[in-house]
>>> print(open('entry.txt').read())   # compact mmCIF, C-alpha atoms
# COMPACT_ATOMS: atom_id res chain seq x y z
CA MET A 33 3.52 19.15 -8.74
CA LYS A 34 1.00 18.40 -6.01
CA TYR A 35 2.85 19.01 -2.73
CA SER A 36 5.66 21.23 -1.45
CA ILE A 37 6.90 20.29 2.01
CA ILE A 38 8.37 23.35 3.73
CA VAL A 39 10.59 22.94 6.79
CA PRO A 40 12.23 25.84 8.66
CA VAL A 41 15.39 24.74 10.44
CA TYR A 42 17.38 26.30 13.25
CA ASN A 43 20.40 24.37 14.57
CA ARG A 44 18.85 20.90 14.15
CA PRO A 45 20.81 18.93 11.52
CA ASP A 46 20.26 15.55 13.23
CA GLU A 47 16.49 16.02 13.28
CA VAL A 48 16.46 17.02 9.62
CA ASP A 49 18.30 13.80 8.79
CA GLU A 50 15.53 11.71 10.38
CA LEU A 51 12.77 13.74 8.73
CA LEU A 52 14.32 13.49 5.27
CA GLN A 53 14.86 9.76 5.70
CA SER A 54 11.16 9.34 6.49
CA LEU A 55 10.29 11.34 3.37
CA THR A 56 12.24 8.92 1.19
CA GLU A 57 9.93 6.15 2.41
CA GLN A 58 6.63 7.82 1.51
CA GLU A 59 4.23 5.75 -0.57
CA LEU A 60 3.18 8.84 -2.56
CA LYS A 61 6.06 10.47 -4.46
CA ASP A 62 4.56 13.63 -6.01
CA PHE A 63 6.28 16.17 -3.78
CA GLU A 64 9.27 18.44 -3.35
CA VAL A 65 11.06 19.37 -0.12
CA VAL A 66 12.01 22.95 0.69
CA ILE A 67 14.46 23.32 3.58
CA VAL A 68 15.00 26.87 4.86
CA GLU A 69 18.03 27.34 7.11
CA ASP A 70 17.02 30.23 9.37
CA GLY A 71 20.39 31.65 10.39
CA SER A 72 21.65 28.45 12.03
CA GLN A 73 25.08 28.15 13.61
CA LYS A 74 24.83 24.39 12.99
CA PRO A 75 23.70 24.17 9.36
CA CYS A 76 22.14 21.06 7.87
CA LYS A 77 23.54 21.46 4.34
CA ASP A 78 25.67 18.31 4.59
CA VAL A 79 22.59 16.38 5.66
CA CYS A 80 20.57 17.76 2.76
CA ASP A 81 23.37 16.90 0.32
CA LYS A 82 22.99 13.24 1.34
CA PHE A 83 19.43 13.25 0.01
CA ALA A 84 19.95 15.50 -3.03
CA ASP A 85 19.85 12.57 -5.47
CA ILE A 86 16.98 10.81 -3.69
CA LEU A 87 14.50 13.62 -3.09
CA ASP A 88 13.44 16.66 -5.09
CA LEU A 89 15.11 18.79 -2.44
CA HIS A 90 15.81 22.53 -2.39
CA TYR A 91 18.03 24.03 0.32
CA TYR A 92 18.00 27.76 1.12
CA VAL A 93 19.81 29.88 3.68
CA LYS A 94 18.53 33.17 5.12
CA GLU A 95 19.23 35.43 8.08
CA ASN A 96 17.42 34.51 11.26
CA GLY A 97 13.92 35.93 11.30
CA GLY A 98 11.90 33.30 13.11
CA PRO A 99 10.01 30.24 11.87
CA GLY A 100 7.10 32.15 10.34
CA GLN A 101 9.32 34.23 8.08
CA ALA A 102 11.36 31.16 7.14
CA ARG A 103 8.15 29.41 6.05
CA ASN A 104 7.17 32.44 3.97
CA TYR A 105 10.60 32.41 2.36
CA GLY A 106 10.13 28.78 1.41
CA ALA A 107 6.56 29.29 0.21
CA GLU A 108 7.70 32.00 -2.19
CA ARG A 109 10.01 29.47 -3.83
CA ALA A 110 7.74 26.43 -3.68
CA ARG A 111 6.02 25.03 -6.78
CA GLY A 112 3.39 22.73 -5.33
CA GLU A 113 -0.38 23.15 -5.43
CA TRP A 114 -0.40 22.39 -1.71
CA LEU A 115 2.07 23.67 0.89
CA ILE A 116 2.69 21.31 3.78
CA ILE A 117 4.33 22.97 6.78
CA LEU A 118 6.28 20.69 9.11
CA ASP A 119 8.55 21.30 12.09
CA SER A 120 12.06 19.94 11.78
CA ASP A 121 11.56 17.67 14.82
CA VAL A 122 8.88 15.47 13.25
CA VAL A 123 9.17 12.10 11.53
CA LEU A 124 6.55 10.87 9.07
CA PRO A 125 5.05 7.39 8.91
CA LYS A 126 5.10 5.83 5.43
CA GLY A 127 1.43 6.52 4.80
CA TYR A 128 1.44 10.21 5.76
CA LEU A 129 1.24 11.73 2.28
CA LYS A 130 -1.21 9.06 1.15
CA ALA A 131 -3.49 10.04 4.03
CA VAL A 132 -3.13 13.71 3.06
CA GLU A 133 -3.99 12.88 -0.56
CA GLU A 134 -7.12 11.02 0.51
CA GLY A 135 -8.14 13.91 2.73
CA VAL A 136 -7.71 16.76 0.24
CA SER A 137 -9.34 14.72 -2.54
CA ALA A 138 -12.50 13.96 -0.57
CA PRO A 139 -15.45 16.21 -1.54
CA LEU A 140 -16.81 18.41 1.24
CA PRO A 141 -20.23 19.75 0.14
CA HIS A 142 -21.36 23.12 1.44
CA ARG A 143 -17.86 24.02 2.54
CA GLU A 144 -15.18 26.26 1.16
CA GLY A 145 -12.65 25.28 -1.44
CA GLN A 146 -12.50 24.61 -5.12
CA GLY A 147 -14.98 21.90 -6.00
CA GLY A 148 -16.13 21.71 -2.38
CA GLY A 149 -12.72 20.44 -1.24
CA SER A 150 -10.48 21.52 1.60
CA ALA A 151 -8.47 24.72 1.64
CA ALA A 152 -6.39 23.89 4.71
CA PHE A 153 -5.82 20.96 7.01
CA GLY A 154 -3.82 19.67 9.92
CA GLY A 155 -3.15 16.40 11.69
CA PRO A 156 -2.31 15.12 15.16
CA ASP A 157 1.02 13.97 16.52
CA ALA A 158 2.17 10.98 18.54
CA SER A 159 5.10 9.62 20.52
CA HIS A 160 7.40 7.12 18.82
CA PRO A 161 8.58 3.99 20.69
CA SER A 162 12.19 5.10 20.15
CA PHE A 163 11.68 8.39 22.00
CA THR A 164 13.45 8.84 25.33
CA PRO A 165 11.40 8.58 28.53
CA VAL A 166 11.58 12.36 28.92
CA GLN A 167 10.29 12.88 25.36
CA LYS A 168 7.46 10.44 26.01
CA ALA A 169 6.59 12.23 29.25
CA ILE A 170 6.56 15.60 27.48
CA SER A 171 4.44 14.14 24.69
CA TYR A 172 2.00 12.82 27.29
CA SER A 173 1.75 16.22 28.97
CA MET A 174 0.96 17.85 25.63
CA THR A 175 -1.77 15.37 24.68
CA SER A 176 -3.42 14.34 27.93
CA PHE A 177 -6.94 15.30 28.92
CA PHE A 178 -5.55 16.04 32.40
CA THR A 179 -3.22 18.73 31.08
CA THR A 180 -5.61 20.48 28.64
CA GLY A 181 -3.95 18.79 25.65
CA GLY A 182 -6.28 19.71 22.77
CA ILE A 183 -5.94 18.57 19.16
CA ARG A 184 -2.64 16.85 19.91
CA GLY A 185 -4.79 14.18 21.49
CA GLY A 186 -6.26 13.47 18.05
CA LYS A 187 -9.91 14.43 18.60
CA ALA A 188 -11.91 13.73 15.47
CA LYS A 189 -14.91 15.98 16.07
CA LEU A 190 -14.26 19.66 16.55
CA ASP A 191 -16.41 22.71 15.98
CA LYS A 192 -13.44 24.70 14.72
CA PHE A 193 -10.03 23.24 14.12
CA TYR A 194 -6.88 25.36 14.11
CA PRO A 195 -3.88 23.55 12.60
CA ARG A 196 -0.45 23.94 14.19
CA SER A 197 2.80 24.35 12.34
CA PHE A 198 4.22 20.96 13.31
CA ASN A 199 1.73 19.42 10.85
CA MET A 200 -0.21 21.88 8.70
CA GLY A 201 -1.25 22.03 5.05
CA ILE A 202 -2.81 24.80 2.97
CA ARG A 203 -3.52 25.37 -0.71
CA ARG A 204 -0.83 27.59 -2.16
CA ASP A 205 -3.32 30.13 -3.55
CA VAL A 206 -4.94 30.53 -0.12
CA TYR A 207 -1.53 30.92 1.51
CA LEU A 208 -0.61 33.70 -0.89
CA GLN A 209 -4.04 35.31 -0.55
CA LEU A 210 -3.55 35.60 3.22
CA GLY A 211 0.05 36.76 3.01
CA GLY A 212 1.46 33.77 4.87
CA PHE A 213 2.67 33.93 8.45
CA SER A 214 2.88 37.18 10.38
CA LYS A 215 6.03 38.53 12.05
CA MET A 216 5.06 37.07 15.42
CA ARG A 217 7.96 35.03 16.77
CA PHE A 218 5.73 32.72 18.80
CA GLY A 219 2.10 31.79 18.32
CA GLU A 220 2.46 32.70 14.64
CA ASP A 221 0.93 29.38 13.56
CA ILE A 222 -2.21 29.91 15.65
CA ASP A 223 -2.43 33.48 14.34
CA PHE A 224 -2.27 32.13 10.79
CA SER A 225 -4.95 29.52 11.54
CA TYR A 226 -7.19 32.23 12.98
CA ARG A 227 -6.74 34.28 9.81
CA ILE A 228 -7.60 31.26 7.67
CA VAL A 229 -10.89 30.87 9.54
CA GLU A 230 -11.59 34.61 9.56
CA ALA A 231 -11.17 34.61 5.75
CA GLY A 232 -14.10 32.18 5.49
CA TYR A 233 -12.25 28.88 5.18
CA ARG A 234 -12.66 25.90 7.48
CA PRO A 235 -9.49 23.90 8.10
CA GLN A 236 -10.05 20.16 8.27
CA LEU A 237 -8.59 17.66 10.70
CA PHE A 238 -7.14 14.59 8.96
CA PRO A 239 -6.75 12.09 11.83
CA GLU A 240 -4.83 9.62 9.66
CA ALA A 241 -2.27 12.24 8.58
CA TRP A 242 -0.38 12.08 11.86
CA VAL A 243 3.30 12.55 12.61
CA TRP A 244 5.76 11.47 15.25
CA HIS A 245 6.75 14.64 17.10
CA LYS A 246 9.88 14.70 19.24
CA ARG A 247 9.19 18.09 20.88
CA ARG A 248 11.78 19.24 23.42
CA THR A 249 14.41 16.88 24.79
CA ASP A 250 14.64 18.23 28.35
CA PHE A 251 12.42 20.06 30.84
CA ARG A 252 14.35 23.34 30.66
CA LYS A 253 13.74 23.70 26.92
CA PHE A 254 10.17 22.50 27.39
CA PHE A 255 9.55 25.16 30.04
CA ARG A 256 10.78 27.89 27.67
CA GLN A 257 8.52 26.59 24.91
CA VAL A 258 5.34 26.56 26.99
CA TYR A 259 6.31 29.84 28.69
CA ASN A 260 6.43 31.48 25.28
CA SER A 261 3.08 29.87 24.45
CA GLY A 262 1.58 31.55 27.50
CA ILE A 263 2.97 34.88 26.39
CA ALA A 264 1.61 34.35 22.89
CA ARG A 265 -1.94 33.69 24.11
CA ILE A 266 -2.48 37.28 25.26
CA ASN A 267 -0.88 38.59 22.06
CA LEU A 268 -3.28 36.41 20.06
CA GLU A 269 -6.28 37.76 21.96
CA LYS A 270 -5.14 41.29 21.17
CA ARG A 271 -4.86 40.42 17.47
CA HIS A 272 -8.05 38.33 17.39
CA PRO A 273 -10.50 39.56 20.06
CA GLY A 274 -12.76 36.85 21.41
CA THR A 275 -10.37 33.95 20.85
CA LEU A 276 -9.38 33.73 24.52
CA LYS A 277 -11.39 30.83 25.94
CA LEU A 278 -11.86 29.37 29.40
CA VAL A 279 -9.47 26.53 28.64
CA HIS A 280 -6.70 29.08 28.02
CA LEU A 281 -7.14 30.40 31.57
CA LEU A 282 -6.83 27.00 33.25
CA PRO A 283 -2.99 26.87 33.32
CA MET A 284 -2.91 30.32 34.93
CA VAL A 285 -5.51 29.26 37.52
CA PHE A 286 -3.56 26.06 38.13
CA THR A 287 -0.32 28.02 38.60
CA VAL A 288 -1.81 30.49 41.06
CA GLY A 289 -3.55 27.65 42.89
CA VAL A 290 -0.40 25.55 43.28
CA ILE A 291 1.59 28.52 44.55
CA ALA A 292 -1.17 29.43 47.02
CA LEU A 293 -1.40 25.86 48.32
CA ILE A 294 2.36 25.55 48.75
CA LEU A 295 2.50 28.87 50.63
CA MET A 296 -0.37 27.74 52.84
CA ALA A 297 1.41 24.48 53.58
CA ALA A 298 4.67 26.33 54.33
CA VAL A 299 2.94 28.69 56.77
CA ALA A 300 1.18 25.80 58.48
CA ARG A 301 4.46 23.90 58.71
CA ALA A 302 6.15 26.89 60.35
CA MET A 303 3.25 27.37 62.77
CA ILE A 304 3.72 23.83 64.11
CA HIS A 305 6.85 25.12 65.87
CA TYR A 306 5.51 28.56 66.86
CA ASP A 307 2.16 27.27 68.16
CA ALA A 308 3.07 23.87 69.57
CA SER A 309 -0.13 23.58 71.59
CA ASN A 310 -2.12 23.44 68.35
CA TRP A 311 0.40 21.50 66.31
CA HIS A 312 -2.16 18.91 65.24
CA THR A 313 -4.40 21.63 63.75
CA TRP A 314 -1.53 23.11 61.76
CA TYR A 315 -0.46 19.62 60.71
CA TRP A 316 -3.84 18.89 59.20
CA ILE A 317 -3.94 22.31 57.50
CA CYS A 318 -0.54 21.55 55.96
CA LEU A 319 -1.72 18.14 54.80
CA ALA A 320 -4.99 19.54 53.42
CA ALA A 321 -3.07 22.18 51.44
CA LEU A 322 -0.75 19.62 49.85
CA SER A 323 -3.43 16.97 49.22
CA PRO A 324 -4.80 18.44 45.93
CA ILE A 325 -1.26 18.67 44.50
CA LEU A 326 -0.42 15.13 45.55
CA LEU A 327 -3.73 13.81 44.22
CA TYR A 328 -3.16 15.47 40.85
CA ALA A 329 0.37 14.03 40.68
CA LEU A 330 -1.02 10.57 41.47
CA ILE A 331 -3.62 10.85 38.68
CA ILE A 332 -0.93 11.86 36.19
CA PHE A 333 1.34 9.03 37.30
CA ILE A 334 -1.34 6.35 36.99
CA ASP A 335 -2.76 7.58 33.68
CA SER A 336 0.62 8.05 32.01
CA SER A 337 2.00 4.76 33.34
CA ILE A 338 -0.95 2.90 31.84
CA LYS A 339 -0.87 4.72 28.50
CA ASN A 340 2.90 4.47 28.09
CA LYS A 341 3.18 1.05 29.77
CA SER A 342 6.08 2.39 31.80
CA LEU A 343 6.35 3.41 35.45
CA LYS A 344 9.42 5.52 34.62
CA VAL A 345 7.53 7.54 32.02
CA GLY A 346 4.67 7.80 34.49
CA LEU A 347 6.98 9.32 37.10
CA LEU A 348 8.56 11.70 34.57
CA SER A 349 5.10 12.75 33.44
CA ILE A 350 4.51 14.37 36.84
CA PRO A 351 7.19 17.09 36.42
CA ALA A 352 6.32 17.30 32.71
CA ALA A 353 2.69 18.12 33.54
CA PHE A 354 3.66 20.73 36.13
CA VAL A 355 6.19 22.29 33.75
CA GLN A 356 3.62 22.42 30.95
CA LEU A 357 0.85 24.00 33.01
CA MET A 358 2.93 26.31 35.20
CA GLY A 359 5.30 27.36 32.42
CA TYR A 360 2.31 28.39 30.33
CA GLY A 361 0.72 29.99 33.39
CA PHE A 362 3.75 32.13 34.21
CA GLY A 363 4.05 33.27 30.59
CA PHE A 364 0.34 34.10 30.50
CA ILE A 365 0.60 36.16 33.70
CA GLU A 366 3.64 38.07 32.46
CA SER A 367 1.96 38.81 29.13
CA TRP A 368 -1.27 39.89 30.84
CA TRP A 369 0.68 42.27 33.09
CA LYS A 370 2.70 43.84 30.27
CA ARG A 371 -0.02 43.97 27.61
CA CYS A 372 -3.19 44.58 29.66
CA VAL A 373 -1.93 46.44 32.75
CA LEU A 374 1.15 48.30 31.51
CA LYS A 375 -0.44 48.68 28.03
CA LYS A 376 2.75 47.85 26.14
CA ASP A 377 2.49 46.79 22.51
CA GLU A 378 3.40 43.33 21.33
CA PHE A 379 6.88 44.16 20.06
CA THR A 380 8.18 46.45 22.84
CA ALA A 381 6.75 44.23 25.61
CA PHE A 382 8.72 41.19 24.46
CA GLU A 383 11.56 42.61 22.43
CA LYS A 384 14.10 40.78 24.64
CA ASN A 385 12.20 37.47 24.34
CA PHE A 386 11.43 37.37 20.62
CA TYR A 387 12.71 40.31 18.62
CA SER A 388 16.30 40.90 19.74
>>> encode(input="entry.txt", output="structure tokens")
Amino acid sequence: MKYSIIVPVYNRPDEVDELLQSLTEQELKDFEVVIVEDGSQKPCKDVCDKFADILDLHYYVKENGGPGQARNYGAERARGEWLIILDSDVVLPKGYLKAVEEGVSAPLPHREGQGGGSAAFGGPDASHPSFTPVQKAISYSMTSFFTTGGIRGGKAKLDKFYPRSFNMGIRRDVYLQLGGFSKMRFGEDIDFSYRIVEAGYRPQLFPEAWVWHKRRTDFRKFFRQVYNSGIARINLEKRHPGTLKLVHLLPMVFTVGVIALILMAAVARAMIHYDASNWHTWYWICLAALSPILLYALIIFIDSSIKNKSLKVGLLSIPAAFVQLMGYGFGFIESWWKRCVLKKDEFTAFEKNFYS
């Protein structure tokens, strides 16, 4: 068997239904599906039973241990030459596996892999027309140049590419060689990608092997996701020194900057009443403080409205962008304080967040 598709699931039966349906429509059929229920209160067994006679599907249940450990559990039971890791909230276009097959079969001279081929790969994601306006806005915020959206924008030329777990593939022997995912509860996919590169392999980007990715369905859940990503960034730097780049600092700088500008505007607004003789000076200070924020919001609105062909999505993209950048920024600051200032280790610093 060529491919084993491994999907960890936690309380998302409806999403699994859509993913499995898209797998039945794949042009290439040489694959099995391994669903790992990671301690869900809303299991997807009934959904999987619907597809038992259509797909080569294997359903497993384990105690909750996080997505990384669920993937390892599935990998231990998989039979394919290649392991494809997907999140449960993705849907595949019909040509996904065909694009993967073309990518892994292409010779890559002077690079790692048996016969000069790939050892690991990943692909971009996109927003589906059926997604809600909020989902489209969140997708925009995670892919836009104006919000530091990296590979999710689908860049074809990268010096080093680090696949993410929403759409990642790796040869089974390499997976086992590296011991799979670590016990990190967030950022574990980036940690794994770093270890792939550190082992001498070079993951490839397959631009045509893209997926529709639903992400979070509301801003509260989205904030928690990006907040945890900010926390994970410092943990990743501790595990892999030198991986913290300037782009990773930008959300923190943005967060501090926005807070500083709002405070400045608030002080100036208050001073209009306390120093009435100079009200015009304080008025202009207030306006100058808010101008960068308003200008950024306008840029997001125009760019998203054009790309999504929707003024509503453009408007929703404004809070989505601020949630993405500031959520990440707050998580980054908390992690920096606990790990770098208080010198706590990864597990005790965030036991309540990830390991309870």
>>> residues_around(input="entry.txt", residues="Cys76 of chain A", least_positions_apart="3", cutoff="9 Å", atoms="all atoms listed in the file", output="list in words")
Val41, Tyr42, Asn43, Arg44, Pro45, Asp46, Val48, Asp49, Glu69, Ser72, Val79, Cys80 and Asp81 of chain A
>>> axis_aligned_box(input="entry.txt", around="segment 87-91 of chain A", padding_each_side="6 Å", output="JSON")
{"center_x": 15.7, "center_y": 18.8, "center_z": -2.4, "size_x": 16.6, "size_y": 22.4, "size_z": 17.4}
>>> residues_around(input="entry.txt", residues="segment 208-210 of chain A", least_positions_apart="4", cutoff="10 Å", atoms="all atoms listed in the file", output="VMD selection string")
chain A and resid 104 107 to 108 202 to 204 214 224 227 to 228 231
>>> atom_distance(input="entry.txt", atom1="atom CA of Ile67 of chain A", atom2="atom CA of Ser159 of chain A")
23.7 Å
>>> atom_distance(input="entry.txt", atom1="atom CA of Leu118 of chain A", atom2="atom CA of Val39 of chain A")
5.4 Å
>>> residues_around(input="entry.txt", residues="Met33 of chain A", least_positions_apart="3", cutoff="9 Å", atoms="all atoms listed in the file", output="PyMOL selection string")
chain A and resi 36+62-64+111-114
>>> write_last_selection(input="entry.txt", atoms="C-alpha atoms", output="mmCIF file, keeping the file's coordinate frame")
data_model
loop_
_atom_site.group_PDB
_atom_site.id
_atom_site.type_symbol
_atom_site.label_atom_id
_atom_site.label_comp_id
_atom_site.auth_asym_id
_atom_site.auth_seq_id
_atom_site.Cartn_x
_atom_site.Cartn_y
_atom_site.Cartn_z
ATOM 1 C CA SER A 36 5.660 21.230 -1.450
ATOM 2 C CA ASP A 62 4.560 13.630 -6.010
ATOM 3 C CA PHE A 63 6.280 16.170 -3.780
ATOM 4 C CA GLU A 64 9.270 18.440 -3.350
ATOM 5 C CA ARG A 111 6.020 25.030 -6.780
ATOM 6 C CA GLY A 112 3.390 22.730 -5.330
ATOM 7 C CA GLU A 113 -0.380 23.150 -5.430
ATOM 8 C CA TRP A 114 -0.400 22.390 -1.710
#
>>> closest_residue(input="entry.txt", among="A:Gly361, A:Arg301, A:Lys130, A:Tyr226", to="Pro273 of chain A", atoms="only C-alpha atoms")
A:Tyr226
>>> atom_distance(input="entry.txt", atom1="atom CA of Arg371 of chain A", atom2="atom CA of Leu357 of chain A")
20.7 Å
>>> closest_atom_pairs(input="entry.txt", of="segment 149-243 of chain A", to="segment 251-266 of chain A", cutoff="9 Å", atoms="all atoms listed in the file", output="tab-separated table")
residue	atom	partner	partner_atom	distance
A:Val166	CA	A:Phe251	CA	8.0
A:Ile170	CA	A:Phe254	CA	7.8
A:Met216	CA	A:Ala264	CA	8.7
A:Arg217	CA	A:Ala264	CA	8.8
A:Phe218	CA	A:Ala264	CA	6.0
A:Gly219	CA	A:Ala264	CA	5.3
A:Glu220	CA	A:Ala264	CA	8.5
>>> closest_residue(input="entry.txt", among="A:Glu57, A:Glu133, A:Glu378, A:Asp88", to="Ala241 of chain A", atoms="only C-alpha atoms")
A:Glu133
